[in-house]
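So the structure is just underneath, and the comments pick up after that.
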Amino acid sequence: MTDDRALVEAALARRPGAFERLVRGHEKLVWHLVYRMVAHPEDTRDLCQEVFLRVYRKLDQYRYESSLATWIGRIAFSIATRHLQRRRLALDESPRDEDGEDDPLERIGDDFDLAQACADADLMAHVARELEALPPMQRTLVSLYHLEELGIAEIATITGQPEGTVKNSLFRARRRLRERLEHAMGAVA
Amino acid sequence: MNDRNTEWQAQERARTLSGSTASGDATVDRYRAVYQGLAMAPFPAPPTDLGAQILEGVRRAEADERFERWTLRLLGLAGGVGIAFYAGPTLLDVLAPAWSGGALPEGITKLAANPWLWSTLAALATALMLDRRPRGQVA
């Protein structure tokens with residue numbers, strides 16, 4: 001938080017290179033967050049631009065109540081959400097939503113060795129595909145929690161949702177990933 | 001609900017485990033495998049020029065905003081001068097009797113009677129008023 005304060009104060013004081021340091025330090029987080037939401041590289045690039053432009057204009061409103069990364073993440077999330085809403089894409093639905101179907105997990109025996117199956121490079125690509133197939137909100141939560149290693153509280157702040165809701169969505173996302181992956185791997189094996 | 005809690009615990013426990021040693025819990029091991037897959041799955045990295053492109057965009061926006069501010073100031077200045085030229089003589093007519101009554105020193109009265117002074121002051125006041133909108137301060 002001290003580093004955040006120094007960086008923000010330097011950027012607000014227009015010290016050379018300060019805003020560049022801010023961008024360099026957070027571009028990866030913003031890219032991952034926005035990409036997970038919109039799943040389109042060109043849109044992600046444009047939206048990242050929009051996020052940092054908003055950060056540039058609103059930085060004097062940052063009150064140090066959360067980490068700078070969380071504050072920027074929240075801006076990125078709101079911009080990505082607005083983009084999805086403009087495109088009329090639902091945050092919590094996926095084109096492959098099959099809630100009415102039987103549970104693939106039920107069809108897989110306990111002896112199925114997913115760890116072994118995942119050792120194959122093709123299957124890694126399958127994980128990526130399954131992640132992409134999750135609804136935007138779920139794949140974003142999984143990405144923030146497992147790849148960016150943010151805590152539940154931070155994710156709740158970024159997404160503006162209660163912690164219980166974040167946990168619930170995360171739980172459902174991970175279970176769905178596990179089910180789909182085991183189902184797919186079972187079909188391959 | 002209990003099953004759900006148990007599964008949540010398994011999901012969380014799997015997150016803390018590393019390596020390939022079995023945990024002794026099939027559910028935990030399955031989730032661990034999923035997480036390993038996630039960590040190793042190909043993911044499009046940010047473009048190498050993303051930071052430079054963002055900074056260029058911010059610089060461009062800053063230049064646009066500066067241009068917009070100065071344009072607004074100049075328009076305000078021009079408007080102020082115009083208003084002063086139209087309203088100035090009337091204002092002087094209204095104020096002249098008070099000044100000629102000797103309420104102010106002669107030098108100030110002469111200066112105040114100069115329409116250019118009032119034009120400039122009116123223009124500056126208008127420009128300052130127009131320029132007092134909130135804006136970002138980041139370089």
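Each chain in the structure tokens gets a letter, A, B, ..., in the order shown, and its residues are numbered from 1; ligands are numbered from 1 in order too.
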Inset, instruction - Could you please tell me, as a ChimeraX atom specification, which residues of chain A have an atom within 9 Å of chain B when using only C-alpha atoms? - result: /A:10-20,23-24,27-28,31-32,35,41,45,48-50,52-53,56-60,110-111,113-119,121,123-129,131,143,146-147,167,171,174-175,177-178,181-182
Inset, instruction - Might you pull out every residue within 12 Å of Leu74 (chain B), with only C-alpha atoms counted and same-chain residues fewer than 6 positions away left off, and present them as a ChimeraX atom specification? - result: /B:67-68,80-81,123-124,126-128,130-131
Legend entry - CA of Gln61 (chain A) to CA of Val38 (chain A), straight-line distance in Å: 26.8 Å
